[in-house]
>>> print(open('upload_31.tsv').read())   # TSV, C-alpha atoms
chain	number	residue	atom	x	y	z
A	1	MET	CA	62.64	-28.03	-31.20
A	2	SER	CA	63.13	-24.76	-29.30
A	3	ARG	CA	60.31	-22.62	-27.90
A	4	VAL	CA	61.30	-18.99	-27.58
A	5	ALA	CA	59.50	-15.75	-26.78
A	6	VAL	CA	60.31	-12.49	-28.55
A	7	ILE	CA	59.04	-9.00	-27.75
A	8	ASP	CA	59.26	-6.16	-30.24
A	9	ILE	CA	58.44	-2.64	-29.05
A	10	GLY	CA	57.68	-0.47	-32.06
A	11	THR	CA	56.51	3.07	-32.60
A	12	VAL	CA	52.82	2.17	-32.73
A	13	THR	CA	52.55	-1.42	-31.48
A	14	ALA	CA	54.22	-3.66	-28.93
A	15	ARG	CA	54.16	-7.30	-29.99
A	16	LEU	CA	54.82	-10.71	-28.51
A	17	GLY	CA	55.70	-13.81	-30.48
A	18	VAL	CA	55.95	-17.27	-28.94
A	19	SER	CA	57.54	-19.56	-31.51
A	20	ASP	CA	58.46	-23.18	-31.96
A	21	VAL	CA	61.58	-23.36	-34.12
A	22	ALA	CA	63.04	-26.52	-35.64
A	23	ALA	CA	65.65	-27.05	-38.37
A	24	SER	CA	65.99	-23.29	-38.93
A	25	ARG	CA	62.27	-22.90	-39.61
A	26	VAL	CA	59.48	-21.34	-37.58
A	27	GLU	CA	56.97	-24.17	-37.23
A	28	ARG	CA	54.50	-22.08	-35.25
A	29	CYS	CA	54.35	-18.47	-34.07
A	30	ALA	CA	51.57	-17.30	-31.77
A	31	LYS	CA	51.46	-13.52	-32.05
A	32	THR	CA	49.88	-10.91	-29.79
A	33	SER	CA	49.79	-7.24	-30.77
A	34	THR	CA	48.87	-4.23	-28.65
A	35	ILE	CA	48.68	-0.64	-29.86
A	36	CYS	CA	50.65	1.35	-27.26
A	37	SER	CA	51.67	4.35	-29.44
A	38	LEU	CA	55.11	4.66	-27.87
A	39	GLY	CA	56.13	7.11	-30.60
A	40	GLU	CA	53.33	9.60	-29.98
A	41	ASP	CA	54.79	13.12	-30.49
A	42	VAL	CA	58.38	11.82	-30.87
A	43	ALA	CA	58.66	13.20	-34.41
A	44	GLU	CA	57.92	16.69	-33.09
A	45	THR	CA	59.52	16.66	-29.63
A	46	GLY	CA	62.29	14.05	-29.85
A	47	MET	CA	61.13	12.67	-26.48
A	48	LEU	CA	59.12	9.68	-25.29
A	49	ARG	CA	56.01	10.66	-23.36
A	50	GLU	CA	55.70	9.43	-19.77
A	51	ASP	CA	52.23	8.01	-20.39
A	52	ALA	CA	53.43	6.21	-23.53
A	53	CYS	CA	56.25	4.53	-21.58
A	54	ALA	CA	53.74	3.52	-18.90
A	55	ARG	CA	51.49	1.91	-21.54
A	56	VAL	CA	54.40	-0.08	-22.92
A	57	LEU	CA	55.61	-1.27	-19.51
A	58	SER	CA	52.11	-2.38	-18.52
A	59	CYS	CA	51.83	-4.25	-21.82
A	60	VAL	CA	55.22	-5.93	-21.32
A	61	ASP	CA	54.16	-7.10	-17.84
A	62	GLY	CA	51.31	-8.97	-19.48
A	63	TYR	CA	53.55	-10.33	-22.23
A	64	LEU	CA	56.06	-11.71	-19.73
A	65	ALA	CA	53.31	-13.54	-17.87
A	66	GLN	CA	51.92	-14.86	-21.16
A	67	ALA	CA	55.36	-16.03	-22.32
A	68	ARG	CA	55.98	-17.88	-19.06
A	69	GLU	CA	52.60	-19.57	-19.25
A	70	SER	CA	53.40	-20.71	-22.78
A	71	GLY	CA	56.37	-22.73	-21.59
A	72	ALA	CA	59.08	-20.60	-23.19
A	73	GLU	CA	62.21	-20.53	-21.04
A	74	VAL	CA	64.14	-17.73	-22.77
A	75	ALA	CA	63.21	-14.49	-24.49
A	76	CYS	CA	64.66	-11.49	-26.26
A	77	CYS	CA	63.35	-7.95	-26.59
A	78	THR	CA	64.01	-5.32	-29.25
A	79	LEU	CA	63.00	-1.68	-29.64
A	80	THR	CA	62.92	0.09	-32.98
A	81	SER	CA	62.30	3.53	-34.48
A	82	ALA	CA	60.76	5.51	-31.59
A	83	ALA	CA	63.41	4.31	-29.15
A	84	ARG	CA	66.15	5.04	-31.70
A	85	ASP	CA	64.93	8.60	-32.17
A	86	ALA	CA	64.03	9.65	-28.62
A	87	ALA	CA	66.61	11.37	-26.42
A	88	ASN	CA	65.13	9.87	-23.24
A	89	SER	CA	64.83	6.20	-24.26
A	90	ASN	CA	66.82	5.29	-21.13
A	91	VAL	CA	63.65	5.92	-19.10
A	92	LEU	CA	61.90	3.06	-20.86
A	93	LEU	CA	65.01	0.87	-20.91
A	94	ASP	CA	65.40	1.31	-17.15
A	95	GLY	CA	61.79	0.28	-16.61
A	96	LEU	CA	62.32	-2.84	-18.70
A	97	ALA	CA	65.53	-3.70	-16.85
A	98	GLU	CA	63.64	-3.51	-13.53
A	99	ARG	CA	61.47	-6.33	-14.89
A	100	GLY	CA	64.46	-8.46	-15.82
A	101	VAL	CA	64.12	-7.67	-19.51
A	102	VAL	CA	67.38	-7.29	-21.42
A	103	ALA	CA	66.25	-4.86	-24.12
A	104	GLN	CA	68.18	-3.97	-27.28
A	105	VAL	CA	67.55	-0.85	-29.35
A	106	ILE	CA	68.39	-2.15	-32.80
A	107	PRO	CA	69.56	-0.12	-35.81
A	108	GLY	CA	67.22	0.12	-38.78
A	109	GLU	CA	69.51	-2.04	-40.90
A	110	VAL	CA	69.34	-4.85	-38.34
A	111	GLU	CA	65.57	-4.49	-38.18
A	112	GLY	CA	65.40	-4.77	-41.98
A	113	SER	CA	67.66	-7.84	-42.04
A	114	LEU	CA	65.62	-9.63	-39.37
A	115	THR	CA	62.35	-8.80	-41.13
A	116	PHE	CA	63.77	-10.11	-44.41
A	117	LEU	CA	64.79	-13.34	-42.65
A	118	GLY	CA	61.24	-13.82	-41.36
A	119	VAL	CA	59.47	-12.98	-44.62
A	120	ALA	CA	61.80	-15.02	-46.82
A	121	GLN	CA	60.77	-18.26	-45.12
A	122	ASP	CA	57.92	-18.36	-47.64
A	123	PHE	CA	60.12	-17.43	-50.62
A	124	ARG	CA	63.27	-19.54	-50.22
A	125	ALA	CA	65.74	-19.26	-53.10
A	126	SER	CA	63.74	-16.36	-54.60
A	127	ARG	CA	65.05	-12.82	-54.95
A	128	ILE	CA	62.56	-10.52	-53.23
A	129	VAL	CA	62.25	-6.96	-51.97
A	130	VAL	CA	60.89	-6.80	-48.42
A	131	ALA	CA	59.50	-3.57	-46.97
A	132	ASP	CA	58.40	-3.06	-43.37
A	133	ASN	CA	56.37	0.13	-43.12
A	134	GLY	CA	56.19	0.88	-39.42
A	135	GLY	CA	55.24	3.82	-37.25
A	136	GLY	CA	58.48	5.78	-37.43
A	137	SER	CA	60.47	4.21	-40.24
A	138	THR	CA	60.35	1.95	-43.27
A	139	GLU	CA	62.96	-0.76	-43.66
A	140	VAL	CA	63.69	-2.08	-47.16
A	141	ALA	CA	65.82	-5.19	-47.77
A	142	VAL	CA	66.68	-6.95	-51.02
A	143	GLY	CA	68.14	-10.42	-51.28
A	144	VAL	CA	67.74	-14.18	-51.24
A	145	LEU	CA	67.33	-16.76	-48.47
A	146	ASP	CA	69.25	-19.94	-49.29
A	147	GLY	CA	66.91	-22.75	-50.27
A	148	GLU	CA	68.62	-25.36	-48.10
A	149	ARG	CA	70.60	-23.61	-45.36
A	150	PRO	CA	69.59	-20.72	-43.06
A	151	GLY	CA	71.99	-18.28	-44.69
A	152	VAL	CA	70.75	-14.91	-45.96
A	153	ALA	CA	72.39	-13.18	-48.92
A	154	LEU	CA	71.37	-9.52	-48.75
A	155	GLU	CA	72.15	-7.16	-51.63
A	156	ALA	CA	70.95	-4.02	-49.82
A	157	VAL	CA	69.28	-2.95	-46.57
A	158	ARG	CA	68.06	0.58	-45.94
A	159	SER	CA	66.11	2.25	-43.14
A	160	LEU	CA	64.20	5.41	-44.03
A	161	ASP	CA	62.50	7.83	-41.64
A	162	VAL	CA	59.03	7.37	-43.13
A	163	GLY	CA	56.25	5.83	-41.04
A	164	CYS	CA	52.58	6.20	-40.23
A	165	ARG	CA	53.05	7.81	-36.79
A	166	ARG	CA	55.74	10.18	-38.04
A	167	VAL	CA	53.74	11.30	-41.10
A	168	THR	CA	50.56	11.68	-39.06
A	169	ASP	CA	52.23	13.89	-36.45
A	170	LEU	CA	54.03	16.03	-39.04
A	171	PHE	CA	51.23	16.54	-41.57
A	172	LEU	CA	47.86	14.91	-40.90
A	173	SER	CA	46.92	15.73	-37.32
A	174	ARG	CA	46.09	19.44	-37.66
A	175	GLU	CA	42.68	19.08	-39.37
A	176	ASP	CA	39.94	16.46	-39.22
A	177	PRO	CA	39.66	15.19	-41.84
A	178	PRO	CA	42.97	16.40	-43.28
A	179	SER	CA	42.77	18.99	-46.05
A	180	ALA	CA	43.84	18.24	-49.61
A	181	SER	CA	46.92	20.41	-49.13
A	182	ALA	CA	47.95	18.52	-45.99
A	183	LEU	CA	47.52	15.24	-47.84
A	184	ASP	CA	49.65	16.59	-50.68
A	185	GLU	CA	52.36	17.59	-48.18
A	186	ALA	CA	52.33	14.10	-46.69
A	187	ARG	CA	52.60	12.51	-50.14
A	188	ALA	CA	55.46	14.82	-51.11
A	189	PHE	CA	57.35	14.01	-47.91
A	190	CYS	CA	57.04	10.26	-48.49
A	191	ARG	CA	57.80	10.56	-52.19
A	192	GLU	CA	61.00	12.53	-51.65
A	193	ALA	CA	62.22	10.19	-48.91
A	194	PHE	CA	61.62	7.07	-50.98
A	195	GLU	CA	62.88	8.46	-54.28
A	196	SER	CA	66.12	9.65	-52.69
A	197	GLY	CA	66.61	6.88	-50.14
A	198	LEU	CA	65.59	3.60	-51.73
A	199	PRO	CA	68.49	1.43	-52.85
A	200	ALA	CA	68.70	0.96	-56.61
A	201	GLU	CA	68.29	-2.81	-56.08
A	202	ALA	CA	64.72	-2.21	-54.85
A	203	ARG	CA	63.51	-0.68	-58.12
A	204	ASP	CA	61.40	-2.79	-60.51
A	205	PRO	CA	61.21	-5.81	-58.19
A	206	GLU	CA	60.10	-9.25	-59.30
A	207	ARG	CA	58.14	-9.38	-56.05
A	208	LEU	CA	57.58	-6.67	-53.44
A	209	VAL	CA	56.56	-8.17	-50.08
A	210	CYS	CA	55.29	-5.81	-47.38
A	211	VAL	CA	54.75	-6.37	-43.68
A	212	GLY	CA	53.40	-4.29	-40.82
A	213	GLY	CA	50.13	-3.16	-39.34
A	214	THR	CA	49.34	-0.77	-42.18
A	215	VAL	CA	49.35	-3.29	-45.02
A	216	THR	CA	47.62	-6.02	-43.03
A	217	THR	CA	44.96	-3.49	-42.04
A	218	LEU	CA	44.51	-2.32	-45.63
A	219	VAL	CA	43.77	-5.90	-46.66
A	220	ALA	CA	41.32	-6.23	-43.77
A	221	ILE	CA	39.52	-3.00	-44.75
A	222	ASP	CA	39.45	-3.90	-48.43
A	223	ALA	CA	37.98	-7.35	-47.68
A	224	ARG	CA	35.77	-6.11	-44.80
A	225	LEU	CA	37.27	-8.69	-42.43
A	226	ASP	CA	35.46	-8.91	-39.12
A	227	PRO	CA	37.04	-10.58	-37.24
A	228	TYR	CA	40.59	-10.32	-38.57
A	229	ASP	CA	41.75	-13.49	-40.32
A	230	PRO	CA	45.57	-13.82	-40.54
A	231	ALA	CA	45.28	-16.85	-42.82
A	232	PHE	CA	43.36	-14.75	-45.36
A	233	VAL	CA	45.76	-11.81	-45.07
A	234	HIS	CA	48.98	-13.83	-45.36
A	235	LEU	CA	50.29	-13.75	-48.96
A	236	HIS	CA	47.28	-11.69	-50.08
A	237	SER	CA	47.98	-9.22	-52.88
A	238	LEU	CA	47.09	-5.53	-53.13
A	239	ALA	CA	47.30	-3.55	-56.36
A	240	LEU	CA	48.46	0.06	-56.40
A	241	ASP	CA	45.07	1.29	-57.57
A	242	GLU	CA	43.42	-0.55	-54.65
A	243	VAL	CA	45.77	1.18	-52.19
A	244	ASP	CA	45.07	4.56	-53.79
A	245	GLU	CA	41.34	3.93	-53.58
A	246	LEU	CA	41.70	3.20	-49.86
A	247	VAL	CA	43.73	6.40	-49.40
A	248	GLY	CA	40.89	8.40	-50.97
A	249	ARG	CA	38.25	6.68	-48.89
A	250	LEU	CA	40.10	7.12	-45.58
A	251	ALA	CA	41.01	10.74	-46.36
A	252	SER	CA	37.34	11.61	-46.80
A	253	LEU	CA	36.38	10.44	-43.29
A	254	PRO	CA	36.80	12.33	-40.02
A	255	LEU	CA	38.56	10.36	-37.30
A	256	GLU	CA	35.40	9.34	-35.49
A	257	GLN	CA	33.93	7.81	-38.67
A	258	ARG	CA	37.26	6.16	-39.50
A	259	ARG	CA	37.09	4.33	-36.17
A	260	GLY	CA	33.94	2.60	-37.39
A	261	VAL	CA	35.41	1.28	-40.65
A	262	VAL	CA	35.06	-2.51	-40.84
A	263	GLY	CA	38.46	-4.20	-40.69
A	264	LEU	CA	40.15	-1.27	-38.91
A	265	GLN	CA	41.11	-1.41	-35.23
A	266	PRO	CA	39.72	1.78	-33.67
A	267	LYS	CA	43.10	2.56	-32.03
A	268	ARG	CA	44.78	2.46	-35.44
A	269	ALA	CA	42.29	4.90	-36.99
A	270	GLY	CA	44.48	7.91	-36.22
A	271	VAL	CA	47.49	6.65	-38.22
A	272	ILE	CA	46.03	4.43	-40.95
A	273	LEU	CA	45.65	7.22	-43.52
A	274	ALA	CA	49.31	8.20	-43.23
A	275	GLY	CA	50.26	4.54	-43.40
A	276	ALA	CA	48.29	4.08	-46.61
A	277	VAL	CA	49.98	7.14	-48.12
A	278	CYS	CA	53.39	5.70	-47.18
A	279	VAL	CA	52.58	2.39	-48.85
A	280	SER	CA	51.23	4.07	-51.98
A	281	GLU	CA	54.36	6.21	-52.40
A	282	LEU	CA	56.64	3.26	-51.63
A	283	MET	CA	55.02	1.25	-54.42
A	284	ARG	CA	55.47	4.14	-56.84
A	285	ALA	CA	59.10	4.59	-55.91
A	286	CYS	CA	59.74	0.86	-56.39
A	287	HIS	CA	57.80	0.91	-59.70
A	288	ALA	CA	55.59	-1.87	-58.30
A	289	CYS	CA	52.00	-2.24	-59.51
A	290	GLU	CA	51.28	-4.85	-56.84
A	291	LEU	CA	52.52	-5.98	-53.45
A	292	THR	CA	52.24	-9.20	-51.47
A	293	VAL	CA	51.35	-8.95	-47.78
A	294	SER	CA	53.13	-11.23	-45.31
A	295	GLU	CA	52.37	-12.10	-41.70
A	296	SER	CA	55.86	-13.62	-41.35
A	297	ASP	CA	57.61	-10.50	-40.16
A	298	LEU	CA	60.24	-9.26	-37.70
A	299	LEU	CA	58.90	-11.57	-34.98
A	300	TYR	CA	59.75	-14.56	-37.19
A	301	GLY	CA	63.28	-13.30	-37.83
A	302	LEU	CA	63.78	-12.59	-34.13
A	303	SER	CA	62.49	-16.07	-33.27
A	304	LEU	CA	64.94	-17.75	-35.66
A	305	SER	CA	67.83	-15.72	-34.26
A	306	ALA	CA	66.85	-16.32	-30.63
A	307	ALA	CA	66.44	-20.06	-31.19
A	308	ALA	CA	69.86	-20.25	-32.85
A	309	VAL	CA	71.54	-18.55	-29.89
A	310	ALA	CA	69.61	-20.72	-27.41
A	311	ASP	CA	70.85	-23.82	-29.27
A	312	GLY	CA	74.43	-22.55	-29.27
A	313	ILE	CA	74.76	-22.00	-33.00
A	314	THR	CA	75.56	-18.93	-35.07
A	315	ALA	CA	72.67	-16.51	-35.58
A	316	PRO	CA	71.48	-16.40	-39.22
A	317	VAL	CA	72.05	-12.64	-39.61
A	318	SER	CA	74.97	-10.50	-38.48
A	319	TRP	CA	73.37	-9.53	-35.19
A	320	THR	CA	73.11	-11.53	-31.97
A	321	PRO	CA	70.09	-11.24	-29.67
A	322	GLN	CA	70.73	-11.04	-25.93
A	323	LEU	CA	68.54	-13.66	-24.30
A	324	PHE	CA	67.11	-13.42	-20.80
A	325	SER	CA	65.55	-16.15	-18.69
A	326	LEU	CA	61.84	-16.39	-18.07
A	327	ARG	CA	62.36	-18.72	-15.11
>>> encode(input="upload_31.tsv", output="structure tokens")
Amino acid sequence: MSRVAVIDIGTVTARLGVSDVAASRVERCAKTSTICSLGEDVAETGMLREDACARVLSCVDGYLAQARESGAEVACCTLTSAARDAANSNVLLDGLAERGVVAQVIPGEVEGSLTFLGVAQDFRASRIVVADNGGGSTEVAVGVLDGERPGVALEAVRSLDVGCRRVTDLFLSREDPPSASALDEARAFCREAFESGLPAEARDPERLVCVGGTVTTLVAIDARLDPYDPAFVHLHSLALDEVDELVGRLASLPLEQRRGVVGLQPKRAGVILAGAVCVSELMRACHACELTVSESDLLYGLSLSAAAVADGITAPVSWTPQLFSLR
């Protein structure tokens, strides 16, 4: 059994996973998530903010200490949408390198493939559509994970520039609460992106599985979870009309009242409405009346890939993580 640490630095959250992997399966993944908002203003300026980079680097310092204490000897680190989009990502990459972190900015298609690998652990030999609605982008992957071996057969992978931070900054941050016209603009933006960008294979899915902070938070709000219960959220279903009802409820509340909603992290209050709109329009574009929420996300796929490389075998997707020592 291999114990590996993986760090994913996203547009809204930075996350740590410490996983025990055996026989091409994640036996255990201890996850820590911190809202750092790296992508704040990136959609409008194309640049990472200095204070956002500082938040991420401080968070990573804590994650490295936590990973070492866990007994993991190797780690990998990925950055996604905000780092892909920003012209000055080298500032953050240099700060990570100073800490001994070998960081990889991964393309959206790699992100989607890794997320699919993690999610599909619960749906082996089943054809599924996996969507990861993040802060700056949404990755959609369609395929099957072999029932016996670790191989992934992907029919399509697509990364679309639709995410809760991006949509908030472009449409929903000018008024509090947003006006009906601003909400309509946000919906139209998401609708056009999904209708034009989704692969045909993602339409009319047998099962749509979604990951990310937006969908897990929507379940928590709908069920009034306090504290958050990942066991309850994992494989929980949400119907389209339930998502639309949550959109209406969140849209009616000013930011300060949104922060007090049971099940919602106060730091996520500023982007949850846009995230809910993204999910609603994604479901419509896929022609899905229901989605399944998964906690087995990109961190699981990264863990499987890192463990494979650490054990000297071929990574299960066509991307190889660069490991660095924690010793």
>>> atom_distance(input="upload_31.tsv", atom1="atom CA of Leu183 of chain A", atom2="atom CA of Asp297 of chain A")
28.7 Å
>>> closest_residue(input="upload_31.tsv", among="A:Val293, A:Pro321, A:Glu44, A:Arg191", to="Asp122 of chain A", atoms="only C-alpha atoms")
A:Val293
>>> closest_residue(input="upload_31.tsv", among="A:Glu98, A:Asp311, A:Glu111, A:Asp161", to="Val60 of chain A", atoms="only C-alpha atoms")
A:Glu98
>>> closest_residue(input="upload_31.tsv", among="A:Asn88, A:Thr216, A:Ser24, A:Ser37", to="Gly263 of chain A", atoms="all atoms listed in the file")
A:Thr216
>>> closest_residue(input="upload_31.tsv", among="A:Glu109, A:Val152, A:Val4, A:Val271", to="Leu170 of chain A", atoms="all atoms listed in the file")
A:Val271
>>> build_atoms(input="upload_31.tsv", residues="segment 44-55 of chain A", atoms="all heavy atoms", output="PDB file, in the coordinates of the input")
ATOM      1  N   GLU A  44      57.920  15.248 -33.327  1.00  0.00           N
ATOM      2  CA  GLU A  44      57.920  16.690 -33.090  1.00  0.00           C
ATOM      3  C   GLU A  44      58.777  17.105 -31.898  1.00  0.00           C
ATOM      4  O   GLU A  44      59.393  18.174 -31.918  1.00  0.00           O
ATOM      5  CB  GLU A  44      56.478  17.169 -32.868  1.00  0.00           C
ATOM      6  CG  GLU A  44      55.595  17.014 -34.107  1.00  0.00           C
ATOM      7  CD  GLU A  44      54.167  17.448 -33.856  1.00  0.00           C
ATOM      8  OE1 GLU A  44      53.521  16.875 -32.964  1.00  0.00           O
ATOM      9  OE2 GLU A  44      53.711  18.374 -34.539  1.00  0.00           O
ATOM     10  N   THR A  45      58.842  16.261 -30.859  1.00  0.00           N
ATOM     11  CA  THR A  45      59.520  16.660 -29.630  1.00  0.00           C
ATOM     12  C   THR A  45      60.867  15.965 -29.420  1.00  0.00           C
ATOM     13  O   THR A  45      61.697  16.456 -28.647  1.00  0.00           O
ATOM     14  CB  THR A  45      58.645  16.349 -28.400  1.00  0.00           C
ATOM     15  OG1 THR A  45      58.529  14.912 -28.243  1.00  0.00           O
ATOM     16  CG2 THR A  45      57.265  16.962 -28.544  1.00  0.00           C
ATOM     17  N   GLY A  46      61.074  14.815 -30.071  1.00  0.00           N
ATOM     18  CA  GLY A  46      62.290  14.050 -29.850  1.00  0.00           C
ATOM     19  C   GLY A  46      62.342  13.350 -28.509  1.00  0.00           C
ATOM     20  O   GLY A  46      63.401  12.866 -28.089  1.00  0.00           O
ATOM     21  N   MET A  47      61.179  13.263 -27.820  1.00  0.00           N
ATOM     22  CA  MET A  47      61.130  12.670 -26.480  1.00  0.00           C
ATOM     23  C   MET A  47      59.978  11.681 -26.383  1.00  0.00           C
ATOM     24  O   MET A  47      58.905  11.882 -26.966  1.00  0.00           O
ATOM     25  CB  MET A  47      60.927  13.766 -25.426  1.00  0.00           C
ATOM     26  CG  MET A  47      61.993  14.861 -25.429  1.00  0.00           C
ATOM     27  SD  MET A  47      63.565  14.306 -24.750  1.00  0.00           S
ATOM     28  CE  MET A  47      63.176  14.315 -22.997  1.00  0.00           C
ATOM     29  N   LEU A  48      60.203  10.600 -25.626  1.00  0.00           N
ATOM     30  CA  LEU A  48      59.120   9.680 -25.290  1.00  0.00           C
ATOM     31  C   LEU A  48      58.247  10.299 -24.210  1.00  0.00           C
ATOM     32  O   LEU A  48      58.755  10.874 -23.241  1.00  0.00           O
ATOM     33  CB  LEU A  48      59.665   8.351 -24.787  1.00  0.00           C
ATOM     34  CG  LEU A  48      60.523   7.523 -25.743  1.00  0.00           C
ATOM     35  CD1 LEU A  48      61.039   6.274 -25.033  1.00  0.00           C
ATOM     36  CD2 LEU A  48      59.745   7.140 -26.995  1.00  0.00           C
ATOM     37  N   ARG A  49      56.930  10.155 -24.374  1.00  0.00           N
ATOM     38  CA  ARG A  49      56.010  10.660 -23.360  1.00  0.00           C
ATOM     39  C   ARG A  49      55.961   9.697 -22.177  1.00  0.00           C
ATOM     40  O   ARG A  49      56.061   8.475 -22.335  1.00  0.00           O
ATOM     41  CB  ARG A  49      54.619  10.824 -23.951  1.00  0.00           C
ATOM     42  CG  ARG A  49      54.507  11.963 -24.931  1.00  0.00           C
ATOM     43  CD  ARG A  49      53.208  11.952 -25.695  1.00  0.00           C
ATOM     44  NE  ARG A  49      52.026  11.749 -24.859  1.00  0.00           N
ATOM     45  CZ  ARG A  49      50.862  12.385 -25.035  1.00  0.00           C
ATOM     46  NH1 ARG A  49      50.745  13.294 -26.012  1.00  0.00           N
ATOM     47  NH2 ARG A  49      49.845  12.123 -24.278  1.00  0.00           N
ATOM     48  N   GLU A  50      55.769  10.254 -20.981  1.00  0.00           N
ATOM     49  CA  GLU A  50      55.700   9.430 -19.770  1.00  0.00           C
ATOM     50  C   GLU A  50      54.551   8.439 -19.844  1.00  0.00           C
ATOM     51  O   GLU A  50      54.690   7.260 -19.473  1.00  0.00           O
ATOM     52  CB  GLU A  50      55.555  10.331 -18.544  1.00  0.00           C
ATOM     53  CG  GLU A  50      55.563   9.583 -17.223  1.00  0.00           C
ATOM     54  CD  GLU A  50      55.474  10.511 -16.024  1.00  0.00           C
ATOM     55  OE1 GLU A  50      55.723  11.717 -16.182  1.00  0.00           O
ATOM     56  OE2 GLU A  50      55.158  10.017 -14.926  1.00  0.00           O
ATOM     57  N   ASP A  51      53.373   8.905 -20.330  1.00  0.00           N
ATOM     58  CA  ASP A  51      52.230   8.010 -20.390  1.00  0.00           C
ATOM     59  C   ASP A  51      52.424   6.913 -21.442  1.00  0.00           C
ATOM     60  O   ASP A  51      51.949   5.787 -21.273  1.00  0.00           O
ATOM     61  CB  ASP A  51      50.929   8.780 -20.648  1.00  0.00           C
ATOM     62  CG  ASP A  51      50.963   9.612 -21.911  1.00  0.00           C
ATOM     63  OD1 ASP A  51      52.058   9.934 -22.407  1.00  0.00           O
ATOM     64  OD2 ASP A  51      49.874   9.945 -22.428  1.00  0.00           O
ATOM     65  N   ALA A  52      53.159   7.220 -22.508  1.00  0.00           N
ATOM     66  CA  ALA A  52      53.430   6.210 -23.530  1.00  0.00           C
ATOM     67  C   ALA A  52      54.337   5.115 -22.971  1.00  0.00           C
ATOM     68  O   ALA A  52      54.123   3.915 -23.204  1.00  0.00           O
ATOM     69  CB  ALA A  52      54.060   6.851 -24.757  1.00  0.00           C
ATOM     70  N   CYS A  53      55.361   5.517 -22.216  1.00  0.00           N
ATOM     71  CA  CYS A  53      56.250   4.530 -21.580  1.00  0.00           C
ATOM     72  C   CYS A  53      55.461   3.663 -20.594  1.00  0.00           C
ATOM     73  O   CYS A  53      55.678   2.444 -20.515  1.00  0.00           O
ATOM     74  CB  CYS A  53      57.393   5.232 -20.863  1.00  0.00           C
ATOM     75  SG  CYS A  53      58.594   6.018 -21.954  1.00  0.00           S
ATOM     76  N   ALA A  54      54.553   4.273 -19.856  1.00  0.00           N
ATOM     77  CA  ALA A  54      53.740   3.520 -18.900  1.00  0.00           C
ATOM     78  C   ALA A  54      52.869   2.488 -19.617  1.00  0.00           C
ATOM     79  O   ALA A  54      52.706   1.361 -19.129  1.00  0.00           O
ATOM     80  CB  ALA A  54      52.883   4.473 -18.075  1.00  0.00           C
ATOM     81  N   ARG A  55      52.308   2.864 -20.769  1.00  0.00           N
ATOM     82  CA  ARG A  55      51.490   1.910 -21.540  1.00  0.00           C
ATOM     83  C   ARG A  55      52.325   0.714 -21.975  1.00  0.00           C
ATOM     84  O   ARG A  55      51.876  -0.436 -21.900  1.00  0.00           O
ATOM     85  CB  ARG A  55      50.876   2.605 -22.756  1.00  0.00           C
ATOM     86  CG  ARG A  55      49.807   3.622 -22.451  1.00  0.00           C
ATOM     87  CD  ARG A  55      49.036   4.016 -23.701  1.00  0.00           C
ATOM     88  NE  ARG A  55      49.859   4.683 -24.712  1.00  0.00           N
ATOM     89  CZ  ARG A  55      50.002   5.997 -24.820  1.00  0.00           C
ATOM     90  NH1 ARG A  55      49.400   6.796 -23.940  1.00  0.00           N
ATOM     91  NH2 ARG A  55      50.733   6.538 -25.778  1.00  0.00           N
TER      92      ARG A  55
END
